[in-house]
file coords33.txt (compact mmCIF, C-alpha atoms)
# COMPACT_ATOMS: atom_id res chain seq x y z
CA MET W 881 29.83 -5.08 28.38
CA SER W 882 29.42 -3.81 24.82
CA LEU W 883 31.29 -6.89 23.58
CA VAL W 884 28.74 -9.14 25.29
CA VAL W 885 25.87 -7.17 23.74
CA ASP W 886 27.49 -7.31 20.30
CA LEU W 887 28.05 -11.06 20.61
CA PHE W 888 24.44 -11.55 21.70
CA SER W 889 23.20 -9.54 18.69
CA ILE W 890 25.44 -11.40 16.24
CA VAL W 891 24.40 -14.82 17.55
CA ALA W 892 20.68 -13.99 17.62
CA ILE W 893 20.56 -12.29 14.21
CA GLY W 894 22.76 -15.03 12.71
CA ALA W 895 20.38 -17.68 14.04
CA GLY W 896 17.44 -15.68 12.66
CA VAL W 897 19.05 -15.48 9.22
CA PHE W 898 19.65 -19.24 9.38
CA PHE W 899 15.92 -19.82 9.93
CA PHE W 900 15.08 -17.55 6.99
CA LEU W 901 17.56 -19.48 4.83
CA ALA W 902 16.12 -22.82 5.95
CA GLY W 903 12.58 -21.54 5.34
CA THR W 904 13.50 -20.41 1.84
CA VAL W 905 15.15 -23.73 1.02
CA GLY W 906 12.03 -25.48 2.31
CA LEU W 907 9.80 -23.23 0.21
CA LEU W 908 11.76 -24.09 -2.90
CA ARG W 909 12.38 -27.79 -2.24
CA PHE W 910 9.44 -29.24 -0.31
CA PRO W 911 7.09 -31.36 -2.40
CA ASP W 912 3.59 -30.07 -1.52
CA ALA W 913 1.88 -26.84 -0.53
CA LEU W 914 1.25 -27.73 3.13
CA SER W 915 4.91 -28.63 3.81
CA ARG W 916 6.01 -25.44 2.05
CA LEU W 917 3.66 -23.44 4.29
CA HIS W 918 5.17 -25.19 7.31
CA ALA W 919 8.67 -24.14 6.24
CA LEU W 920 7.58 -20.58 5.52
CA THR W 921 5.85 -20.00 8.86
CA LYS W 922 8.97 -21.14 10.73
CA ALA W 923 10.98 -18.46 8.94
CA ASP W 924 8.42 -15.76 9.78
CA ASN W 925 8.02 -16.85 13.37
CA LEU W 926 11.46 -17.88 14.64
CA GLY W 927 13.59 -16.12 12.04
CA LEU W 928 12.05 -12.69 12.50
CA GLY W 929 11.71 -13.28 16.25
CA LEU W 930 15.46 -13.94 16.60
CA VAL W 931 16.38 -10.97 14.39
CA VAL W 932 14.17 -8.72 16.55
CA LEU W 933 15.70 -10.22 19.70
CA GLY W 934 19.17 -9.43 18.36
CA LEU W 935 18.18 -5.86 17.50
CA LEU W 936 16.49 -5.14 20.87
CA PRO W 937 19.68 -4.23 22.82
CA ARG W 938 20.71 -1.93 19.96
CA SER W 939 17.50 0.16 19.90
CA ASP W 940 17.77 3.82 20.94
CA SER W 941 14.86 3.89 23.36
CA LEU W 942 12.31 1.73 25.09
CA LEU W 943 9.69 2.97 22.59
CA ALA W 944 11.80 1.85 19.63
CA ALA W 945 12.27 -1.56 21.25
CA LEU W 946 8.53 -1.88 21.81
CA LYS W 947 7.93 -0.98 18.15
CA LEU W 948 10.26 -3.79 17.10
CA VAL W 949 8.35 -6.27 19.26
CA ALA W 950 5.06 -4.92 17.87
CA ILE W 951 6.30 -5.48 14.30
CA TRP W 952 7.15 -9.07 15.17
CA ALA W 953 3.72 -9.61 16.75
CA LEU W 954 1.91 -8.11 13.74
CA VAL W 955 3.89 -10.25 11.30
CA GLN W 956 3.00 -13.27 13.45
CA LEU W 957 -0.67 -12.41 13.18
CA ALA W 958 -0.51 -11.80 9.43
CA SER W 959 1.55 -14.88 8.56
CA ALA W 960 -0.49 -17.20 10.79
CA THR W 961 -3.71 -15.93 9.13
CA ALA W 962 -2.28 -16.19 5.63
CA ALA W 963 -1.00 -19.71 6.34
CA GLN W 964 -4.43 -20.78 7.62
CA LEU W 965 -6.17 -19.32 4.56
CA VAL W 966 -3.74 -20.86 2.06
CA GLY W 967 -3.94 -24.20 3.91
CA ARG W 968 -7.73 -24.10 3.76
CA ALA W 969 -7.66 -23.23 0.05
CA VAL W 970 -5.36 -26.21 -0.59
CA ARG W 971 -7.65 -28.56 1.33
CA CYS W 972 -10.77 -27.30 -0.46
CA LYS W 973 -9.13 -27.88 -3.82
CA GLY W 974 -8.14 -31.36 -2.68
CA THR W 975 -4.86 -31.27 -4.62
CA ALA W 976 -1.35 -30.09 -3.89
CA VAL W 977 -0.88 -26.82 -5.70
CA MET T 173 32.67 -1.77 -1.56
CA SER T 174 30.88 -1.45 1.76
CA VAL T 175 28.26 -3.87 3.00
CA LEU T 176 25.48 -1.31 2.42
CA GLN T 177 26.55 -0.78 -1.19
CA ALA T 178 26.54 -4.51 -1.78
CA LEU T 179 23.03 -4.73 -0.28
CA ASP T 180 21.88 -1.83 -2.50
CA ILE T 181 23.18 -3.52 -5.64
CA GLY T 182 21.55 -6.78 -4.57
CA LEU T 183 18.27 -4.93 -3.97
CA ALA T 184 18.45 -3.32 -7.42
CA PHE T 185 19.00 -6.71 -9.09
CA LEU T 186 16.13 -8.17 -7.08
CA VAL T 187 13.80 -5.37 -8.25
CA PHE T 188 14.80 -6.04 -11.87
CA ALA T 189 14.34 -9.78 -11.47
CA VAL T 190 10.88 -9.46 -9.88
CA ALA T 191 9.86 -6.91 -12.55
CA ALA T 192 10.92 -9.32 -15.31
CA TRP T 193 9.17 -12.21 -13.56
CA THR T 194 5.98 -10.14 -13.29
CA ILE T 195 6.05 -9.45 -17.04
CA PHE T 196 6.73 -13.05 -18.04
CA ALA T 197 4.38 -14.63 -15.47
CA ARG T 198 1.64 -16.71 -17.01
CA GLY T 199 -1.77 -15.82 -15.65
CA ALA T 200 -3.06 -12.60 -14.15
CA PHE T 201 -2.99 -13.85 -10.54
CA ALA T 202 0.71 -14.78 -10.62
CA ALA T 203 1.53 -11.45 -12.27
CA THR T 204 -0.41 -9.61 -9.54
CA VAL T 205 1.50 -11.39 -6.79
CA GLY T 206 4.72 -10.44 -8.57
CA TYR T 207 3.53 -6.84 -8.77
CA VAL T 208 2.83 -6.69 -5.01
CA VAL T 209 6.30 -8.07 -4.22
CA TYR T 210 7.78 -5.59 -6.71
CA GLY T 211 5.98 -2.73 -4.91
CA LEU T 212 7.30 -3.81 -1.50
CA LEU T 213 10.86 -4.05 -2.85
CA LEU T 214 10.43 -0.62 -4.43
CA ALA T 215 9.40 0.71 -0.99
CA LEU T 216 12.75 -0.59 0.33
CA VAL T 217 14.51 1.21 -2.55
CA TRP T 218 12.78 4.46 -1.60
CA ILE T 219 13.91 4.00 2.02
CA ARG T 220 17.50 3.56 0.80
CA LEU T 221 17.05 6.83 -1.14
CA PHE T 222 15.94 8.47 2.16
CA ALA T 223 12.45 9.16 0.77
CA VAL T 224 10.46 7.60 3.60
CA ASP T 225 7.25 9.43 2.59
CA VAL T 226 7.39 7.91 -0.88
CA ALA T 227 8.22 4.51 0.60
CA LEU T 228 5.14 4.63 2.85
CA THR T 229 2.93 5.64 -0.08
CA GLU T 230 4.40 2.94 -2.33
CA ALA T 231 3.85 0.24 0.31
CA ALA T 232 0.34 1.40 1.30
CA ILE T 233 -1.18 2.48 -2.03
CA GLY T 234 1.16 1.30 -4.81
CA SER T 235 1.58 -2.21 -3.46
CA GLY T 236 -1.23 -2.68 -0.91
CA VAL T 237 -4.45 -1.17 -2.17
CA THR T 238 -3.55 -1.48 -5.88
CA GLY T 239 -2.58 -5.10 -5.21
CA VAL T 240 -6.01 -5.83 -3.72
CA LEU T 241 -7.70 -4.09 -6.67
CA LEU T 242 -5.66 -6.12 -9.17
CA ILE T 243 -6.31 -9.41 -7.36
CA GLY T 244 -10.04 -8.64 -7.52
CA ALA T 245 -9.71 -7.87 -11.24
CA ALA T 246 -7.71 -11.07 -11.82
CA ALA T 247 -10.39 -13.13 -10.05
CA ARG T 248 -13.10 -11.59 -12.23
CA LEU T 249 -11.06 -12.10 -15.41
CA ARG T 250 -10.23 -15.73 -14.69
CA ALA T 251 -12.92 -17.14 -16.99
CA ALA T 252 -12.02 -14.80 -19.86
CA GLU T 253 -8.32 -15.53 -19.38
CA THR T 254 -8.55 -19.27 -19.96
CA ALA T 255 -10.70 -18.66 -23.03
CA SER T 256 -8.28 -16.18 -24.60
CA ASP T 257 -5.29 -18.51 -24.08
CA GLU T 258 -6.49 -20.65 -26.97
CA LYS T 259 -5.83 -18.11 -29.70
CA PRO T 260 -2.28 -16.71 -29.38
CA LEU T 261 -1.24 -13.50 -31.12
CA SER T 262 0.09 -13.73 -34.66
CA GLY T 263 3.85 -13.47 -35.23
CA LEU T 264 3.66 -10.06 -36.85
CA THR T 265 1.67 -8.57 -33.93
CA ARG T 266 4.24 -9.92 -31.48
CA VAL T 267 7.15 -8.43 -33.45
CA PHE T 268 5.32 -5.10 -33.65
CA ALA T 269 4.53 -5.08 -29.91
CA ALA T 270 8.12 -5.97 -29.01
CA ALA T 271 9.49 -3.25 -31.30
CA LEU T 272 7.16 -0.67 -29.73
CA CYS T 273 8.18 -1.72 -26.20
CA VAL T 274 11.89 -1.53 -27.08
CA LEU T 275 11.37 1.90 -28.63
CA VAL T 276 9.59 3.26 -25.55
CA ALA T 277 12.22 1.75 -23.24
CA LEU T 278 15.06 3.24 -25.32
CA ALA T 279 13.39 6.66 -25.39
CA LEU T 280 12.88 6.61 -21.61
CA ALA T 281 16.43 5.39 -20.98
CA SER T 282 17.94 8.08 -23.23
CA VAL T 283 15.92 10.80 -21.50
CA VAL T 284 17.07 9.58 -18.07
CA LEU T 285 20.70 9.30 -19.19
CA LEU T 286 20.67 12.74 -20.84
CA LEU T 287 19.43 14.50 -17.68
CA PRO T 288 22.02 16.90 -16.25
CA ASP T 289 23.75 15.63 -13.11
CA GLN T 290 22.46 18.60 -11.14
CA GLY T 291 18.91 19.11 -12.34
CA PRO T 292 16.98 22.29 -11.66
CA SER T 293 15.71 22.08 -8.08
CA LEU T 294 13.23 24.00 -5.98
CA ALA T 295 14.31 22.09 -2.86
CA PRO T 296 16.37 24.94 -1.27
CA LEU T 297 13.51 27.40 -1.82
CA SER T 298 10.91 25.03 -0.36
CA MET T 299 13.09 24.38 2.70
CA GLN T 300 13.59 28.13 3.13
CA LYS T 301 9.84 28.82 3.10
CA LEU T 302 9.01 25.79 5.30
CA PRO T 303 8.80 27.75 8.61
CA GLU T 304 6.03 29.92 7.13
CA THR T 305 3.79 26.87 6.79
CA GLY T 306 4.40 25.85 10.40
CA LEU T 307 5.16 22.32 9.18
CA GLY T 308 8.30 20.25 9.73
CA ASN T 309 7.83 17.83 6.82
CA PRO T 310 8.65 19.43 3.43
CA VAL T 311 6.72 16.69 1.58
CA THR T 312 3.49 17.63 3.36
CA ALA T 313 4.23 21.29 2.65
CA VAL T 314 4.60 20.53 -1.08
CA LEU T 315 1.38 18.51 -1.13
CA ILE T 316 -0.92 20.77 0.88
CA ALA T 317 0.68 24.21 0.58
CA TYR T 318 2.97 24.74 -2.44
CA ARG T 319 1.06 22.53 -4.84
CA ALA T 320 -2.30 22.46 -3.07
CA PHE T 321 -4.31 22.75 -6.28
CA ASP T 322 -2.72 19.57 -7.74
CA THR T 323 -3.44 17.61 -4.56
CA MET T 324 -7.06 18.82 -4.53
CA LEU T 325 -7.49 17.68 -8.15
CA GLU T 326 -5.99 14.27 -7.31
CA LYS T 327 -8.75 13.82 -4.74
CA VAL T 328 -11.35 14.79 -7.35
CA VAL T 329 -9.88 12.13 -9.68
CA LEU T 330 -10.33 9.51 -6.93
CA VAL T 331 -13.98 10.50 -6.49
CA LEU T 332 -14.47 10.31 -10.27
CA ALA T 333 -12.94 6.82 -10.21
CA VAL T 334 -15.58 5.72 -7.66
CA VAL T 335 -18.31 7.20 -9.86
CA GLY T 336 -16.82 5.29 -12.80
CA VAL T 337 -16.83 2.00 -10.87
CA TRP T 338 -20.43 2.55 -9.70
CA SER T 339 -21.47 3.31 -13.30
CA LEU T 340 -20.63 -0.29 -14.23
CA ALA T 341 -23.64 -1.49 -12.21
CA ALA T 342 -26.73 -2.79 -13.96
CA ASP T 343 -29.63 -0.31 -13.98
CA ARG T 344 -31.68 -2.14 -11.36
CA TYR T 345 -28.70 -2.26 -8.95
CA TRP T 346 -27.96 1.50 -9.22
CA GLY T 347 -27.66 2.92 -5.72
CA GLY T 348 -27.47 -0.56 -4.18
CA ALA T 349 -24.75 -2.09 -2.05
CA PRO T 350 -21.55 -3.40 -3.66
CA GLY T 351 -19.58 -6.46 -2.62
CA GLU T 352 -20.64 -9.43 -0.52
CA ALA T 353 -23.46 -9.26 2.00
CA ARG T 354 -22.66 -9.50 5.71
CA ALA T 355 -22.31 -13.18 6.62
CA ALA T 356 -24.25 -14.70 9.50
CA SER T 357 -21.17 -16.77 10.38
CA PRO T 358 -18.09 -15.06 8.94
CA GLU T 359 -14.99 -17.00 7.93
CA PRO T 360 -13.38 -17.53 11.37
CA THR T 361 -9.71 -17.00 10.41
CA LEU T 362 -10.28 -13.73 8.58
CA ALA T 363 -12.75 -12.56 11.24
CA PHE T 364 -10.10 -13.18 13.93
CA LEU T 365 -7.53 -11.18 11.95
CA ALA T 366 -9.98 -8.35 11.31
CA GLN T 367 -11.05 -8.12 14.96
CA ILE T 368 -7.47 -7.92 16.24
CA LEU T 369 -5.91 -5.89 13.45
CA ALA T 370 -8.61 -3.30 12.76
CA PRO T 371 -8.41 -1.42 16.12
CA LEU T 372 -4.60 -1.35 15.92
CA GLY T 373 -4.67 -0.32 12.27
CA VAL T 374 -7.08 2.55 12.93
CA LEU T 375 -4.74 3.78 15.67
CA VAL T 376 -1.69 3.52 13.36
CA GLY T 377 -3.55 5.20 10.50
CA ILE T 378 -4.52 8.21 12.61
CA HIS T 379 -0.98 8.35 14.05
CA VAL T 380 0.59 8.34 10.55
CA PHE T 381 -1.73 11.18 9.50
CA TRP T 382 -0.99 13.20 12.63
CA VAL T 383 2.81 12.91 12.58
CA GLY T 384 2.75 13.73 8.85
CA ALA T 385 2.96 17.43 9.67
CA ASP T 386 6.50 17.07 10.99
CA GLU T 387 7.73 13.58 10.10
CA PRO T 388 7.22 11.09 7.24
CA GLY T 389 3.54 10.28 6.93
CA GLY T 390 0.46 12.25 6.00
CA ALA T 391 -3.09 12.14 4.73
CA PHE T 392 -2.47 9.71 1.85
CA GLN T 393 -0.63 7.10 3.88
CA GLY T 394 -2.83 7.40 6.96
CA GLY T 395 -5.97 7.30 4.84
CA ALA T 396 -4.73 4.24 2.97
CA ILE T 397 -4.09 2.40 6.26
CA LEU T 398 -7.60 3.25 7.50
CA ALA T 399 -8.99 2.12 4.13
CA ALA T 400 -7.12 -1.18 4.43
CA MET T 401 -8.74 -1.79 7.82
CA TRP T 402 -12.22 -1.27 6.37
CA ILE T 403 -11.34 -3.54 3.43
CA ILE T 404 -10.22 -6.31 5.82
CA VAL T 405 -13.40 -6.03 7.90
CA MET T 406 -15.51 -6.19 4.70
CA MET T 407 -13.46 -9.14 3.37
CA ALA T 408 -14.03 -11.03 6.61
CA ARG T 409 -17.74 -10.24 5.99
CA LEU T 410 -18.10 -8.91 9.54
CA THR T 411 -19.76 -5.95 7.87
CA GLU T 412 -20.97 -5.16 4.37
CA ALA T 413 -20.35 -2.22 2.10
CA PRO T 414 -22.89 0.59 2.52
CA GLN T 415 -25.45 1.26 -0.19
CA ALA T 416 -24.07 3.50 -2.91
CA ASN T 417 -27.02 5.87 -2.44
CA ALA T 418 -26.34 6.41 1.29
CA PHE T 419 -26.09 10.15 1.89
CA TRP T 420 -23.36 9.86 4.56
CA LEU T 421 -21.23 7.78 2.18
CA ARG T 422 -21.49 10.31 -0.64
CA LEU T 423 -20.79 13.13 1.80
CA ALA T 424 -17.66 11.34 3.09
CA LEU T 425 -16.49 10.73 -0.49
CA VAL T 426 -16.60 14.41 -1.45
CA ALA T 427 -15.73 15.88 1.98
CA GLY T 428 -11.98 16.00 1.27
CA PRO T 429 -12.04 17.83 -2.08
CA LEU T 430 -14.97 19.99 -0.94
CA VAL T 431 -13.27 21.23 2.25
CA PHE T 432 -10.02 21.67 0.30
CA LEU T 433 -11.75 23.76 -2.34
CA ALA T 434 -13.62 25.78 0.30
CA ALA T 435 -10.34 26.46 2.12
CA GLY T 436 -8.79 27.50 -1.19
CA ALA T 437 -11.65 29.90 -1.84
CA ALA T 438 -11.39 31.23 1.72
CA GLY T 439 -7.71 31.88 1.01
CA ALA T 440 -8.74 34.15 -1.85
CA ILE T 441 -10.74 36.25 0.64
CA PHE T 442 -8.61 36.17 3.80
CA ALA T 443 -5.05 35.69 2.49
CA GLY T 444 -5.28 37.49 -0.81
CA ASN T 445 -4.79 34.52 -3.11
CA PHE T 446 -6.57 31.35 -4.21
CA PHE T 447 -5.21 28.46 -2.06
CA ALA T 448 -3.12 30.83 0.07
CA TYR T 449 -3.14 30.38 3.85
CA PRO T 450 -3.20 33.39 6.19
CA PRO T 451 0.20 33.93 7.89
CA GLY T 452 0.44 32.25 11.29
CA PHE T 453 -2.68 30.21 10.62
CA ALA T 454 -1.23 27.91 7.95
CA LYS T 455 -0.66 24.81 10.07
CA PRO T 456 -4.13 24.58 11.64
CA ALA T 457 -5.68 25.17 8.22
CA ILE T 458 -3.51 22.46 6.65
CA LEU T 459 -4.32 19.93 9.40
CA PHE T 460 -8.04 20.75 9.09
CA ILE T 461 -7.97 20.10 5.33
CA GLU T 462 -5.89 16.94 5.78
CA ALA T 463 -8.33 15.51 8.34
CA PHE T 464 -11.15 15.61 5.76
CA MET T 465 -8.83 14.22 3.09
CA VAL T 466 -8.02 11.27 5.35
CA LEU T 467 -11.76 10.65 5.70
CA SER T 468 -12.31 10.81 1.93
CA ILE T 469 -9.36 8.53 1.12
CA ALA T 470 -10.39 6.05 3.82
CA VAL T 471 -13.85 5.83 2.19
CA THR T 472 -12.84 6.10 -1.50
CA LEU T 473 -10.32 3.24 -1.62
CA PRO T 474 -12.61 0.59 -0.02
CA MET T 475 -15.41 1.64 -2.40
CA LEU T 476 -13.03 1.12 -5.35
CA VAL T 477 -12.17 -2.35 -4.00
CA ALA T 478 -15.82 -3.22 -3.28
CA GLY T 479 -16.65 -2.65 -6.95
CA PRO T 480 -19.94 -1.81 -8.65
CA PRO T 481 -23.24 -2.28 -6.75
CA ARG T 482 -24.47 -5.87 -7.03
CA ARG T 483 -27.72 -5.80 -5.08
CA GLU T 484 -30.95 -3.91 -5.51
CA PRO T 485 -31.18 -0.85 -3.25
CA ARG T 486 -33.46 -1.10 -0.23
CA GLN T 487 -35.82 1.80 0.01

call {"tool": "encode", "arguments": {"input": "coords33.txt", "output": "C-alpha cells"}}
result
Amino acid sequence: MSLVVDLFSIVAIGAGVFFFLAGTVGLLRFPDALSRLHALTKADNLGLGLVVLGLLPRSDSLLAALKLVAIWALVQLASATAAQLVGRAVRCKGTAV
Amino acid sequence: MSVLQALDIGLAFLVFAVAAWTIFARGAFAATVGYVVYGLLLALVWIRLFAVDVALTEAAIGSGVTGVLLIGAAARLRAAETASDEKPLSGLTRVFAAALCVLVALALASVVLLLPDQGPSLAPLSMQKLPETGLGNPVTAVLIAYRAFDTMLEKVVLVLAVVGVWSLAADRYWGGAPGEARAASPEPTLAFLAQILAPLGVLVGIHVFWVGADEPGGAFQGGAILAAMWIIVMMARLTEAPQANAFWLRLALVAGPLVFLAAGAAGAIFAGNFFAYPPGFAKPAILFIEAFMVLSIAVTLPMLVAGPPRREPRQ
C-alpha cells in the first residue's frame, strides 16, 4: 500500500516539477509579455496543483491536508489576479514589454 | 552530501545571485522587485535555520510591506530617475564609493569570521524561565517579557515614522486624507481579489497573533498580515484612507505603545519592577498588550504605505 502511495507522490510531484520547468523555460524564451504570462500561470496553476496533490497522502492530518489545498487555492487567486493586472498594463501600454 | 544539503547550498547561491542582481539592476522598480524576491528567499533560509518566527517576519514585513513601500517610492521617483541618468558619477567618485563598500564588506566579514564558534548565549536561561511567563514560544517571551522595553520603543519608532510621513504634507493638506479617493467603480480585478482575500487574511492575521503565544507567530506578523489586507482594500479603492486628523485613527496608532507603557508602569506598582509582570498573571497581561500592539501595527503600516495627506481635510 505504501509503495502505491509513494509511486503516486513521485509521479504527481514529478509532473508538477515538469510544469514548473516548462513554465520557467517559457518565461525565459517566449517572445512577448502575454505569452510569458501564459507560461507562468500554467506553472502556478498545474505545477503547484500537482505538487500539492502529490503531498496530500503524505500529510499528517486532515487539517494539514486542507492547509495544503488552501495554499494552492490562495496562490491561484493571487497569480490569476497578478496575471490579469500585468496583462492589462501591457495592453494599456500598447507594446510588448 | 544529502539532498537537503545540496538544496541548502543551492538556496545560498540563489540568495547571493538575487542580491547581486538587485544591486546591479538598472532602475528603481527592477531593483525593488529583486529586493522582494531576495526577502522571500531569505525567509526560506530562516526556515532552514529553524527560525520560523524570523521567517514569518521577513516574509510579512521585510519583503511584503517594505516591498510595497519601496514600489511606491520607486513610482514617485520615476521622473527624477530618468533625469539623473543623464549625468553619471565621475570616475573618482566611483572608485571612492567602491573602496568604501569593499572596506565595509571586509570589516563585516572579518567580524563574522572572528566570532567564537560557541558565542555567549542566554538561550538556556530564557528557556529555563519560560514557564514563568506562561508562554510556549521563547521568541514571544523575549519580545514581550525579557526585552519588553525594546519592543515598546520599536512601536514608538513606528508611530514616529507615521508622524514623519504626515509631516511631508503641504500645509493646506495637514490633517487631510492620504492616498487615492474611494472610486465609484473600482478596478474590477483588484476589487475581486480584495473582496475574497481580505476576510481570509483577517482570519489568518488574528490566528497568527493568537498562536504566537505558544507557536511561531505573534503580534508583528499577525499585525502585518492585517495591515496587508487593509492595504489591498485601499489599493483596490474599495475604501479610502481615513483623514489624518481622525481621532480614532490617532488613538489606534498610539494604542499599542500606550497600553504597553501603562502595563509597564503597572508592573512597577503590582510586581515590584518596571515592565515586570505579576507571577501567575504574566500570560494574560502579555496577550492583552499584544492585542493592542496588533491593532497599532495593523494601522501604522497602511498609513506608512498611504503616504502624506494629499487632500484638504473636511471639517

call {"tool": "interface_residues", "arguments": {"input": "coords33.txt", "of": "chain W", "to": "chain T", "cutoff": "8 Å", "atoms": "only C-alpha atoms", "output": "number ranges by chain"}}
result
W: 957-958, 961, 964-965

call {"tool": "axis_aligned_box", "arguments": {"input": "coords33.txt", "around": "region 956-972 of chain W", "padding_each_side": "5 Å", "output": "lines of an AutoDock Vina configuration file"}}
result
center_x = -3.9
center_y = -20.2
center_z = 6.4
size_x = 23.8
size_y = 26.8
size_z = 24.0

call {"tool": "residues_around", "arguments": {"input": "coords33.txt", "residues": "Val905 (chain W)", "least_positions_apart": "5", "cutoff": "12 Å", "atoms": "only C-alpha atoms", "output": "VMD selection string"}}
result
chain W and resid 898 to 900 910 to 911 915 to 920 922 to 923

call {"tool": "residues_around", "arguments": {"input": "coords33.txt", "residues": "region 316-321 of chain T", "least_positions_apart": "5", "cutoff": "8 Å", "atoms": "all atoms listed in the file", "output": "list of chain:residue names"}}
result
T:Thr305, T:Phe447, T:Ala448, T:Tyr449, T:Ile458, T:Glu462

call {"tool": "atom_distance", "arguments": {"input": "coords33.txt", "atom1": "CA of Ala892 (chain W)", "atom2": "CA of Leu176 (chain T)"}}
result
20.4 Å
